[in-house]
Amino acid sequence: MKPEYTLLMVSAFLVMGAKSWRQRRIRRAVRDLPTRLQRQLGEGPTYLPPDEVTPDLEPYVAVHRRTGRIEKLFWGLAILWLAYVAYLEIGALG
């Protein structure tokens with residue numbers, strides 16, 4: 001296997017790790033909610049909050065948004081890593 005493939009897999013691991021981390025955090029936050037609040041959420045694994053948020057759901061919505069931002073940060077890191085690997089590959093060709 002070429003070393004470039006190994007470098008490319010780092011970005012895949014970043015994306016997969018961020019996604020599973022977010023799902024675990026959201027699942028744990030949903031589990032901590034009372035049943036009547038759980039029924040207001042969307043289907044798993046995303047458990048989207050309703051359009052109109054009640055004060056009881058605000059902590060959950062904050063967790064949902066925060067984990068979404070962190071997941072997007074890791075997507076950005078993965079894209080930057082792919083760009084770096086492409087730069088290395090182009091440099092190796094020249």
# chains A, B, ... in the order shown; residues from 1 in each chain; ligands from 1

$ residues_around --residues "stretch 88-90 of chain A" --least-positions-apart "5" --cutoff "10 Å" --atoms "only C-alpha atoms" --output "list in words"
Glu4, Leu82 and Ala83 of chain A

$ write_last_selection --atoms "C-alpha atoms" --output "compact mmCIF listing (two decimals), in the first residue's frame"
# COMPACT_ATOMS: atom_id res chain seq x y z
CA GLU A 4 -0.39 8.39 0.38
CA LEU A 82 -6.69 16.19 2.42
CA ALA A 83 -5.46 19.44 0.90

$ residues_around --residues "stretch 40-51 of chain A" --least-positions-apart "5" --cutoff "12 Å" --atoms "only C-alpha atoms" --output "PyMOL selection string"
chain A and resi 19-31+33-35+56-65+67-68

$ write_last_selection --atoms "C-alpha atoms" --output "PDB file, in the first residue's frame"
ATOM      1  CA  LYS A  19     -19.510  11.441  13.881  1.00  0.00           C
ATOM      2  CA  SER A  20     -19.522   8.576  16.366  1.00  0.00           C
ATOM      3  CA  TRP A  21     -18.460  10.916  19.197  1.00  0.00           C
ATOM      4  CA  ARG A  22     -21.373  13.247  18.409  1.00  0.00           C
ATOM      5  CA  GLN A  23     -23.870  10.391  18.232  1.00  0.00           C
ATOM      6  CA  ARG A  24     -22.716   9.080  21.615  1.00  0.00           C
ATOM      7  CA  ARG A  25     -22.997  12.530  23.219  1.00  0.00           C
ATOM      8  CA  ILE A  26     -26.461  13.140  21.758  1.00  0.00           C
ATOM      9  CA  ARG A  27     -27.668   9.664  22.707  1.00  0.00           C
ATOM     10  CA  ARG A  28     -26.485  10.242  26.278  1.00  0.00           C
ATOM     11  CA  ALA A  29     -28.198  13.656  26.400  1.00  0.00           C
ATOM     12  CA  VAL A  30     -31.453  12.138  25.104  1.00  0.00           C
ATOM     13  CA  ARG A  31     -31.269   9.339  27.643  1.00  0.00           C
ATOM     14  CA  LEU A  33     -34.190  13.706  29.304  1.00  0.00           C
ATOM     15  CA  PRO A  34     -37.611  12.851  30.742  1.00  0.00           C
ATOM     16  CA  THR A  35     -39.861  10.760  28.491  1.00  0.00           C
ATOM     17  CA  ASP A  56     -36.960  22.537  29.365  1.00  0.00           C
ATOM     18  CA  LEU A  57     -35.244  21.534  26.112  1.00  0.00           C
ATOM     19  CA  GLU A  58     -32.790  24.450  25.956  1.00  0.00           C
ATOM     20  CA  PRO A  59     -29.890  22.544  27.603  1.00  0.00           C
ATOM     21  CA  TYR A  60     -30.373  19.690  25.119  1.00  0.00           C
ATOM     22  CA  VAL A  61     -30.490  22.096  22.187  1.00  0.00           C
ATOM     23  CA  ALA A  62     -27.247  23.682  23.421  1.00  0.00           C
ATOM     24  CA  VAL A  63     -25.564  20.248  23.500  1.00  0.00           C
ATOM     25  CA  HIS A  64     -26.940  19.454  20.039  1.00  0.00           C
ATOM     26  CA  ARG A  65     -25.600  22.706  18.568  1.00  0.00           C
ATOM     27  CA  THR A  67     -21.595  18.946  19.186  1.00  0.00           C
ATOM     28  CA  GLY A  68     -22.592  19.970  15.657  1.00  0.00           C
TER      29      GLY A  68
END

$ closest_residue --among "A:Leu37, A:Leu14, A:Val53, A:Ala86" --to "A:Leu73" --atoms "only C-alpha atoms"
A:Leu14

$ select_by_dssp --residues "chain A" --states "helix (DSSP H, G or I)" --output "VMD selection string"
chain A and resid 3 to 31 35 to 38 55 to 93
